[in-house]
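Pasting upload20.csv here (CSV, C-alpha atoms and all ligand atoms):
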```csv
chain,number,residue,atom,x,y,z
A,128,MET,CA,0.0,0.0,0.0
A,129,SER,CA,1.3,3.4,-0.9
A,130,ALA,CA,0.9,6.4,1.4
A,131,PRO,CA,-2.6,8.1,1.3
A,132,PHE,CA,-2.8,10.6,-1.6
A,133,SER,CA,0.7,9.9,-2.8
A,134,TRP,CA,-0.9,9.7,-6.2
A,135,ILE,CA,-1.6,13.4,-6.3
A,136,LYS,CA,1.3,15.8,-6.3
A,137,PRO,CA,1.2,19.6,-6.4
A,138,HIS,CA,3.9,21.5,-8.4
A,139,PRO,CA,4.1,25.3,-8.7
A,140,TRP,CA,3.1,25.0,-12.3
A,141,GLY,CA,0.3,22.4,-12.0
A,142,VAL,CA,-1.1,19.5,-9.9
A,143,GLU,CA,0.2,16.1,-11.1
A,144,VAL,CA,-1.9,13.0,-11.2
A,145,VAL,CA,1.0,10.6,-10.8
A,146,PRO,CA,-0.3,7.2,-12.0
A,147,ALA,CA,-1.9,8.8,-15.1
A,148,GLY,CA,1.1,10.9,-16.1
A,149,ALA,CA,-1.3,13.8,-16.3
A,150,PHE,CA,-1.5,17.4,-15.0
A,151,ILE,CA,-4.4,19.7,-14.0
A,152,ASP,CA,-4.2,23.2,-15.7
A,153,PRO,CA,-0.5,23.0,-16.2
A,154,ALA,CA,1.3,26.3,-16.9
A,155,ARG,CA,3.7,24.5,-19.3
A,156,ALA,CA,3.2,22.2,-22.2
A,157,VAL,CA,2.7,18.5,-21.1
A,158,ASP,CA,1.7,15.2,-22.8
A,159,LYS,CA,-1.6,14.9,-21.0
A,160,ALA,CA,-3.5,17.9,-19.6
A,161,LEU,CA,-6.8,18.0,-17.7
A,162,VAL,CA,-8.1,21.6,-18.2
A,163,THR,CA,-10.8,23.1,-16.0
A,164,HIS,CA,-11.7,26.1,-18.2
A,165,GLY,CA,-10.6,28.4,-21.0
A,166,HIS,CA,-9.0,31.3,-19.2
A,167,ALA,CA,-5.3,31.8,-20.2
A,168,ASP,CA,-4.0,31.2,-16.6
A,169,HIS,CA,-5.5,27.6,-16.7
A,170,ALA,CA,-5.6,26.7,-20.4
A,171,ARG,CA,-2.7,27.0,-22.8
A,172,GLY,CA,-1.8,25.5,-26.1
A,173,GLY,CA,1.0,23.0,-26.8
A,174,HIS,CA,-0.2,19.9,-24.9
A,175,GLY,CA,-0.2,16.5,-26.5
A,176,GLU,CA,-3.7,15.6,-25.3
A,177,THR,CA,-6.2,18.0,-23.6
A,178,PHE,CA,-9.1,16.6,-21.7
A,179,ALA,CA,-11.8,19.3,-21.2
A,180,THR,CA,-15.5,20.0,-21.8
A,181,PRO,CA,-16.5,20.5,-25.4
A,182,GLU,CA,-17.1,24.2,-24.6
A,183,THR,CA,-13.7,24.6,-23.1
A,184,LEU,CA,-12.1,22.9,-26.1
A,185,ALA,CA,-14.0,25.2,-28.5
A,186,ILE,CA,-12.7,28.2,-26.5
A,187,MET,CA,-9.2,27.0,-26.5
A,188,GLU,CA,-9.4,26.4,-30.3
A,189,LEU,CA,-10.6,29.9,-30.8
A,190,ARG,CA,-8.0,31.5,-28.5
A,191,TYR,CA,-4.9,29.4,-29.2
A,192,ARG,CA,-5.7,27.6,-32.4
A,193,THR,CA,-4.9,24.4,-30.6
A,194,GLY,CA,-6.2,22.3,-33.5
A,195,ALA,CA,-4.0,24.0,-36.1
A,196,ALA,CA,-1.7,21.8,-38.2
A,197,ASP,CA,2.1,22.1,-37.9
A,198,ASP,CA,4.5,22.7,-40.8
A,199,ALA,CA,4.3,19.0,-41.7
A,200,GLY,CA,0.5,19.3,-42.0
A,201,GLU,CA,-0.1,17.2,-38.8
A,202,ILE,CA,-2.4,18.2,-36.0
A,203,PRO,CA,-0.1,17.6,-33.0
A,204,HIS,CA,-2.8,18.2,-30.5
A,205,LYS,CA,-5.5,15.8,-29.5
A,206,ALA,CA,-8.7,17.3,-28.1
A,207,MET,CA,-10.4,14.8,-25.7
A,208,PRO,CA,-14.0,16.1,-24.9
A,209,VAL,CA,-15.5,15.1,-21.6
A,210,GLU,CA,-19.1,16.0,-20.9
A,211,TYR,CA,-20.4,17.2,-17.5
A,212,GLY,CA,-21.2,14.2,-15.4
A,213,GLU,CA,-19.1,11.9,-17.6
A,214,THR,CA,-16.4,9.8,-15.9
A,215,ILE,CA,-13.3,8.8,-17.9
A,216,ARG,CA,-10.7,6.2,-16.9
A,217,LEU,CA,-7.1,7.5,-17.1
A,218,PRO,CA,-4.0,5.4,-17.2
A,219,GLY,CA,-3.0,3.9,-13.8
A,220,GLY,CA,-6.6,3.4,-12.8
A,221,VAL,CA,-7.6,7.0,-12.0
A,222,ASP,CA,-11.2,8.1,-12.7
A,223,ALA,CA,-11.9,11.7,-13.7
A,224,THR,CA,-15.3,13.2,-13.6
A,225,TYR,CA,-16.1,16.7,-14.9
A,226,ILE,CA,-18.6,18.7,-12.8
A,227,PRO,CA,-19.9,22.3,-13.4
A,228,ALA,CA,-18.0,25.0,-11.6
A,229,GLY,CA,-20.3,27.9,-12.5
A,230,HIS,CA,-17.4,30.2,-13.5
A,231,VAL,CA,-17.7,30.7,-17.3
A,232,LEU,CA,-19.1,28.6,-20.2
A,233,GLY,CA,-17.7,25.1,-20.1
A,234,SER,CA,-15.9,25.6,-16.7
A,235,ALA,CA,-15.5,22.4,-14.7
A,236,GLN,CA,-14.3,21.1,-11.4
A,237,ILE,CA,-12.5,17.8,-11.8
A,238,LEU,CA,-13.2,15.0,-9.4
A,239,LEU,CA,-10.4,12.4,-9.3
A,240,GLU,CA,-10.9,9.0,-7.7
A,241,HIS,CA,-8.1,6.5,-7.1
A,242,ALA,CA,-7.5,3.8,-4.4
A,243,GLY,CA,-10.7,4.7,-2.6
A,244,GLU,CA,-9.7,8.3,-2.3
A,245,ARG,CA,-11.5,11.4,-3.7
A,246,VAL,CA,-9.9,14.7,-4.7
A,247,VAL,CA,-11.8,17.7,-6.2
A,248,ILE,CA,-10.0,20.5,-8.0
A,249,THR,CA,-12.3,23.5,-8.4
A,250,GLY,CA,-10.4,25.5,-11.0
A,251,ASP,CA,-12.0,28.9,-10.7
A,252,TYR,CA,-15.6,28.9,-9.5
A,253,LYS,CA,-18.5,30.9,-8.3
A,254,ARG,CA,-21.8,30.2,-6.5
A,255,ARG,CA,-24.1,32.9,-7.9
A,256,ALA,CA,-26.5,32.1,-10.7
A,257,ASP,CA,-25.2,32.9,-14.1
A,258,PRO,CA,-27.4,32.7,-17.2
A,259,THR,CA,-24.4,31.8,-19.4
A,260,CYS,CA,-23.2,28.6,-17.6
A,261,ALA,CA,-24.2,25.6,-15.6
A,262,PRO,CA,-24.3,26.1,-11.8
A,263,PHE,CA,-21.6,24.9,-9.4
A,264,GLU,CA,-22.3,21.5,-7.8
A,265,VAL,CA,-21.1,20.7,-4.3
A,266,THR,CA,-19.1,17.5,-4.5
A,267,PRO,CA,-18.0,15.8,-1.2
A,268,CYS,CA,-14.4,14.6,-1.2
A,269,ASP,CA,-11.3,14.0,0.9
A,270,ILE,CA,-9.0,16.6,-0.5
A,271,PHE,CA,-10.6,19.8,-1.8
A,272,ILE,CA,-8.2,21.9,-4.0
A,273,THR,CA,-9.8,25.4,-4.1
A,274,GLU,CA,-9.0,28.8,-5.6
A,275,ALA,CA,-8.9,31.9,-3.4
A,276,THR,CA,-8.9,34.8,-5.8
A,277,PHE,CA,-11.1,36.9,-3.5
A,278,GLY,CA,-10.0,35.2,-0.2
A,279,LEU,CA,-10.2,38.2,2.1
A,280,PRO,CA,-13.2,39.0,4.3
A,281,LEU,CA,-13.5,42.5,2.6
A,282,PHE,CA,-14.5,40.8,-0.6
A,283,THR,CA,-18.3,40.5,-0.6
A,284,HIS,CA,-20.0,40.6,-4.0
A,285,PRO,CA,-23.4,42.5,-4.0
A,286,PRO,CA,-26.4,40.9,-5.8
A,287,ILE,CA,-26.0,41.3,-9.5
A,288,SER,CA,-29.5,42.9,-9.8
A,289,GLU,CA,-28.1,45.9,-7.8
A,290,GLU,CA,-25.2,46.3,-10.2
A,291,MET,CA,-27.5,46.0,-13.2
A,292,GLY,CA,-29.7,48.7,-11.7
A,293,LYS,CA,-26.8,51.0,-11.4
A,294,LEU,CA,-25.8,50.4,-15.0
A,295,LEU,CA,-29.3,50.9,-16.4
A,296,SER,CA,-29.8,54.1,-14.4
A,297,ALA,CA,-26.5,55.5,-15.7
A,298,LEU,CA,-27.8,54.9,-19.2
A,299,GLU,CA,-31.1,56.6,-18.4
A,300,GLY,CA,-29.2,59.6,-17.1
A,301,ASN,CA,-27.2,59.9,-20.3
A,302,PRO,CA,-29.8,59.5,-23.1
A,303,GLU,CA,-27.7,61.3,-25.8
A,304,GLY,CA,-24.5,59.6,-24.8
A,305,SER,CA,-23.5,56.0,-24.0
A,306,VAL,CA,-22.2,53.8,-21.2
A,307,LEU,CA,-19.0,52.0,-22.0
A,308,VAL,CA,-18.5,48.8,-19.9
A,309,GLY,CA,-15.1,47.3,-19.6
A,310,ALA,CA,-15.5,43.5,-19.2
A,311,TYR,CA,-13.2,40.6,-19.7
A,312,ALA,CA,-13.7,39.1,-23.1
A,313,LEU,CA,-14.3,35.5,-21.9
A,314,GLY,CA,-17.1,35.1,-19.5
A,315,LYS,CA,-17.7,38.5,-18.0
A,316,ALA,CA,-18.7,40.3,-21.2
A,317,GLN,CA,-21.3,37.6,-22.1
A,318,ARG,CA,-22.6,37.4,-18.5
A,319,VAL,CA,-23.2,41.2,-18.4
A,320,ILE,CA,-25.0,41.1,-21.7
A,321,ALA,CA,-27.2,38.1,-20.6
A,322,GLU,CA,-28.0,39.8,-17.3
A,323,LEU,CA,-29.0,43.0,-19.1
A,324,ARG,CA,-31.4,40.9,-21.3
A,325,ALA,CA,-32.8,39.2,-18.1
A,326,ALA,CA,-33.4,42.7,-16.7
A,327,GLY,CA,-35.5,43.5,-19.7
A,328,HIS,CA,-33.0,45.6,-21.7
A,329,THR,CA,-33.8,44.6,-25.3
A,330,ASP,CA,-32.0,47.4,-27.1
A,331,THR,CA,-29.0,46.7,-29.4
A,332,ILE,CA,-25.8,46.4,-27.5
A,333,TYR,CA,-22.6,47.5,-29.3
A,334,LEU,CA,-19.4,45.5,-29.1
A,335,HIS,CA,-15.7,46.2,-29.5
A,336,GLY,CA,-14.3,44.0,-32.3
A,337,ALA,CA,-12.3,42.0,-29.8
A,338,MET,CA,-15.5,40.7,-28.2
A,339,GLU,CA,-17.2,39.5,-31.3
A,340,LYS,CA,-15.9,35.9,-31.8
A,341,MET,CA,-16.3,34.9,-28.2
A,342,CYS,CA,-19.9,36.2,-28.1
A,343,ARG,CA,-20.6,34.2,-31.3
A,344,LEU,CA,-19.1,31.1,-29.7
A,345,TYR,CA,-21.4,31.5,-26.6
A,346,GLU,CA,-24.4,31.9,-29.0
A,347,GLU,CA,-23.4,28.7,-30.8
A,348,HIS,CA,-23.5,27.0,-27.5
A,349,GLY,CA,-27.1,28.1,-26.8
A,350,VAL,CA,-26.6,31.3,-24.8
A,351,ASP,CA,-29.0,34.0,-26.2
A,352,LEU,CA,-27.3,37.4,-26.2
A,353,GLY,CA,-30.0,39.4,-28.1
A,354,GLU,CA,-29.1,41.9,-30.8
A,355,LEU,CA,-25.4,42.7,-30.9
A,356,LYS,CA,-23.7,45.1,-33.4
A,357,LEU,CA,-20.1,46.2,-33.9
A,358,VAL,CA,-19.0,49.7,-32.9
A,359,ALA,CA,-16.8,49.8,-36.0
A,360,ASP,CA,-19.9,49.6,-38.3
A,361,HIS,CA,-21.8,52.5,-36.7
A,362,THR,CA,-21.8,56.2,-36.1
A,363,LYS,CA,-22.0,58.2,-32.9
A,364,ASP,CA,-25.6,59.0,-33.7
A,365,ASP,CA,-26.5,55.3,-34.1
A,366,MET,CA,-25.0,54.5,-30.7
A,367,ALA,CA,-26.7,57.4,-28.7
A,368,GLY,CA,-28.4,56.0,-25.6
A,369,SER,CA,-26.7,52.6,-25.9
A,370,ILE,CA,-24.5,50.3,-23.9
A,371,VAL,CA,-21.1,49.4,-25.3
A,372,ILE,CA,-19.0,46.5,-24.2
A,373,ALA,CA,-15.2,46.5,-24.6
A,374,PRO,CA,-12.2,44.8,-23.1
A,375,PRO,CA,-10.9,46.7,-20.0
A,376,SER,CA,-7.8,47.8,-22.0
A,377,ALA,CA,-10.0,49.8,-24.4
A,378,LEU,CA,-11.5,52.0,-21.6
A,379,ASN,CA,-9.0,54.8,-21.8
A,380,ASP,CA,-7.8,54.1,-25.3
A,381,ARG,CA,-8.2,56.4,-28.4
A,382,TRP,CA,-10.8,53.8,-29.5
A,383,SER,CA,-13.4,55.2,-27.0
A,384,ARG,CA,-13.4,58.6,-28.8
A,385,ARG,CA,-15.7,57.1,-31.5
A,386,LEU,CA,-18.5,56.7,-28.9
A,387,PRO,CA,-21.0,59.4,-28.1
A,388,ASN,CA,-20.1,61.0,-24.7
A,389,PRO,CA,-19.4,57.7,-22.8
A,390,VAL,CA,-19.7,57.2,-19.1
A,391,THR,CA,-16.9,54.7,-18.2
A,392,ALA,CA,-17.9,51.6,-16.3
A,393,MET,CA,-16.1,48.4,-15.4
A,394,ALA,CA,-17.5,45.0,-14.3
A,395,SER,CA,-15.1,43.2,-12.0
A,396,GLY,CA,-14.9,41.8,-8.4
A,397,TRP,CA,-11.8,44.1,-8.0
A,398,MET,CA,-14.1,47.1,-8.3
A,399,ARG,CA,-14.8,46.6,-4.5
A,400,VAL,CA,-11.4,48.2,-4.1
A,401,ARG,CA,-11.9,52.0,-4.8
A,402,GLY,CA,-8.2,52.6,-5.7
A,403,ARG,CA,-8.5,50.1,-8.5
A,404,ALA,CA,-11.4,51.9,-10.1
A,405,ARG,CA,-9.7,55.3,-9.7
A,406,GLN,CA,-6.5,53.9,-11.2
A,407,ARG,CA,-8.3,53.0,-14.4
A,408,GLY,CA,-10.4,56.1,-14.5
A,409,VAL,CA,-13.6,54.2,-14.0
A,410,GLU,CA,-16.6,56.4,-13.2
A,411,LEU,CA,-19.1,53.6,-12.6
A,412,PRO,CA,-17.5,50.6,-10.8
A,413,LEU,CA,-19.7,47.5,-11.1
A,414,ILE,CA,-18.8,44.8,-8.6
A,415,ILE,CA,-19.6,41.8,-10.8
A,416,SER,CA,-17.4,38.8,-10.3
A,417,ASP,CA,-17.1,35.3,-11.8
A,418,HIS,CA,-15.3,34.1,-8.6
A,419,ALA,CA,-16.6,33.1,-5.2
A,420,ASP,CA,-16.4,35.9,-2.6
A,421,TRP,CA,-15.1,35.3,0.9
A,422,ASN,CA,-18.4,34.0,2.4
A,423,GLU,CA,-18.9,31.7,-0.6
A,424,LEU,CA,-15.3,30.3,-0.3
A,425,THR,CA,-15.8,29.5,3.4
A,426,ASP,CA,-19.4,28.2,3.0
A,427,THR,CA,-18.2,26.0,0.2
A,428,ILE,CA,-15.4,24.5,2.3
A,429,ARG,CA,-18.0,23.8,5.0
A,430,GLN,CA,-20.4,22.2,2.6
A,431,VAL,CA,-17.8,20.0,0.8
A,432,ASN,CA,-16.4,19.2,4.2
A,433,PRO,CA,-13.1,17.7,3.1
A,434,THR,CA,-10.4,16.2,5.4
A,435,GLU,CA,-7.9,18.5,3.8
A,436,THR,CA,-8.2,21.8,1.9
A,437,TRP,CA,-5.4,22.8,-0.5
A,438,ILE,CA,-5.4,26.4,-1.8
A,439,THR,CA,-4.1,27.0,-5.3
A,440,HIS,CA,-4.0,30.7,-6.0
A,441,GLY,CA,-5.2,34.1,-4.8
A,442,ARG,CA,-5.1,35.5,-1.3
A,443,GLU,CA,-4.3,32.1,0.3
A,444,GLU,CA,-3.1,33.4,3.7
A,445,ALA,CA,-6.5,34.5,5.0
A,446,LEU,CA,-8.2,31.4,3.9
A,447,LEU,CA,-5.5,29.2,5.4
A,448,ARG,CA,-5.9,31.1,8.7
A,449,TRP,CA,-9.7,30.6,8.5
A,450,CYS,CA,-9.2,26.9,8.1
A,451,GLU,CA,-6.9,26.8,11.1
A,452,LEU,CA,-9.4,28.7,13.3
A,453,ASN,CA,-12.1,26.2,12.2
A,454,GLN,CA,-10.0,23.2,13.0
A,455,ARG,CA,-9.6,22.3,9.3
A,456,HIS,CA,-6.4,20.9,7.8
A,457,ALA,CA,-5.2,23.2,5.0
A,458,ARG,CA,-2.1,24.0,3.0
A,459,ALA,CA,-1.2,26.7,0.4
A,460,LEU,CA,0.2,25.4,-2.9
A,461,ALA,CA,1.8,28.7,-4.1
A,462,MET,CA,0.9,28.1,-7.7
A,463,VAL,CA,2.7,30.4,-10.1
A,464,GLY,CA,1.3,32.4,-13.0
A,465,ARG,CA,-2.3,32.3,-12.0
A,466,GLU,CA,-4.9,35.0,-12.0
A,467,GLU,CA,-5.2,37.4,-14.8
A,468,GLU,CA,-5.5,41.1,-13.7
A,469,ASP,CA,-8.9,41.7,-15.4
A,470,GLU,CA,-10.4,38.3,-15.0
A,471,GLY,CA,-11.9,38.9,-11.6
B,501,ZN,ZN,-10.9,31.7,-14.7
B,502,ZN,ZN,-7.9,31.7,-12.6
```
Starting from the file, lay out its structure as structure tokens.
Amino acid sequence: MSAPFSWIKPHPWGVEVVPAGAFIDPARAVDKALVTHGHADHARGGHGETFATPETLAIMELRYRTGAADDAGEIPHKAMPVEYGETIRLPGGVDATYIPAGHVLGSAQILLEHAGERVVITGDYKRRADPTCAPFEVTPCDIFITEATFGLPLFTHPPISEEMGKLLSALEGNPEGSVLVGAYALGKAQRVIAELRAAGHTDTIYLHGAMEKMCRLYEEHGVDLGELKLVADHTKDDMAGSIVIAPPSALNDRWSRRLPNPVTAMASGWMRVRGRARQRGVELPLIISDHADWNELTDTIRQVNPTETWITHGREEALLRWCELNQRHARALAMVGREEEDEG
């Protein structure tokens, strides 16, 4: 008998599933990768085989052209689709099941089972309802490997209806102008659009060109985003009284001069920190996050109730301390290269 959990081994660049010769969300190219979701700090090109949900594989193909042929005309990469709820048998007798993480389209937690032991890796996750992806499922396990992007008690995300209300009243207050919302191109942008639709906003929403393909991909996967048009095809007059969605980098860019008198907004969990909004010249901070906030991180640990909690990335110290105070075994993994500035 080998030592308990000797088959799962954390490295700074990814968690290794030893008997399978596989890695979870590796930051470097490997032969066999199990990928939780399409954000660049978890998914990258260059792996031999990538096991991920069909949606995540489509996102990776769009962003990294993972299925492109090399100089010899070969496609070196093998996409291995795994549906939600499906269990695949990896080499070495390890079973992997993909379970919704509620973070972005296609995002999954990965349950690994071997030698009677259960390990769940969340990837990034959230607990709030999101019309663009399947909701997080609590999965009991022995070792729970969690993110901690917003792992400080000051991070509490308000209800999204409040933030949508702020956005729509800013638009009402600026009928001849526009509201420009900075939103991360994968996940946040589509969620903001879908939440606007759910709040009854049926007007055309204008997009920065960098958003178009990902919005189309969401639509192809059944997420209705209503009428979307490109800023580049329209005049200031056309866009008067409209909401415009752009990547955060475009907020203070020359590009925004083509919009009619824009109020600048940004949708991110980081907008809880006033300095961050000020730094970016954001007039209307919208606290909309695709990650669990502090209470959701701690509630989730209680619900999953693991023997041990491992913390991959974010503000791990506070969550580690919380675990200690609550008599829970925990360790910080100090993963490198995680967390994109604007992804929050
Ligand atoms: Zn993510
Ligand atoms: Zn992440």
Who sits within 8 Å of A:Lys315, all atoms listed in the file, same chain under 3 positions skipped, as a list in words = Val231, Ala310, Tyr311, Ala312, Arg318, Val319, Ala394, Ser416, Asp417 and Glu470 of chain A
May I ask which of the residues A:His284, A:His335, A:Arg399, A:His328 is the closest one to A:Ala316, counting only C-alpha atoms?
-> A:His335
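Proximity to A:His241 at 7 Å, evaluated using all atoms listed in the file and with sequence-adjacent residues fewer than 3 positions away removed, yields Gly220, Val221, Asp222, Glu244 and Arg245 of chain A.
If you look at atom CA of A:Leu239 and atom CA of A:Pro267, they are 11.6 Å away from each other.
Inspection of the environment of ligand ZN 501 (chain B), which uses all atoms listed in the file and a cut-off of 9 Å, identifies the neighbouring residues as Thr163, His164, Gly165, His166, Ala167, Asp168, His169, His230, Val231, Ser234, Gly250, Asp251, Tyr252, Leu313, Gly314, Asp417, His418, Glu466, Glu467, Glu470 and Gly471 of chain A.
One distance worth recording is that between atom CA of A:Gly327 and atom CA of A:Glu347, which is 22.1 Å.
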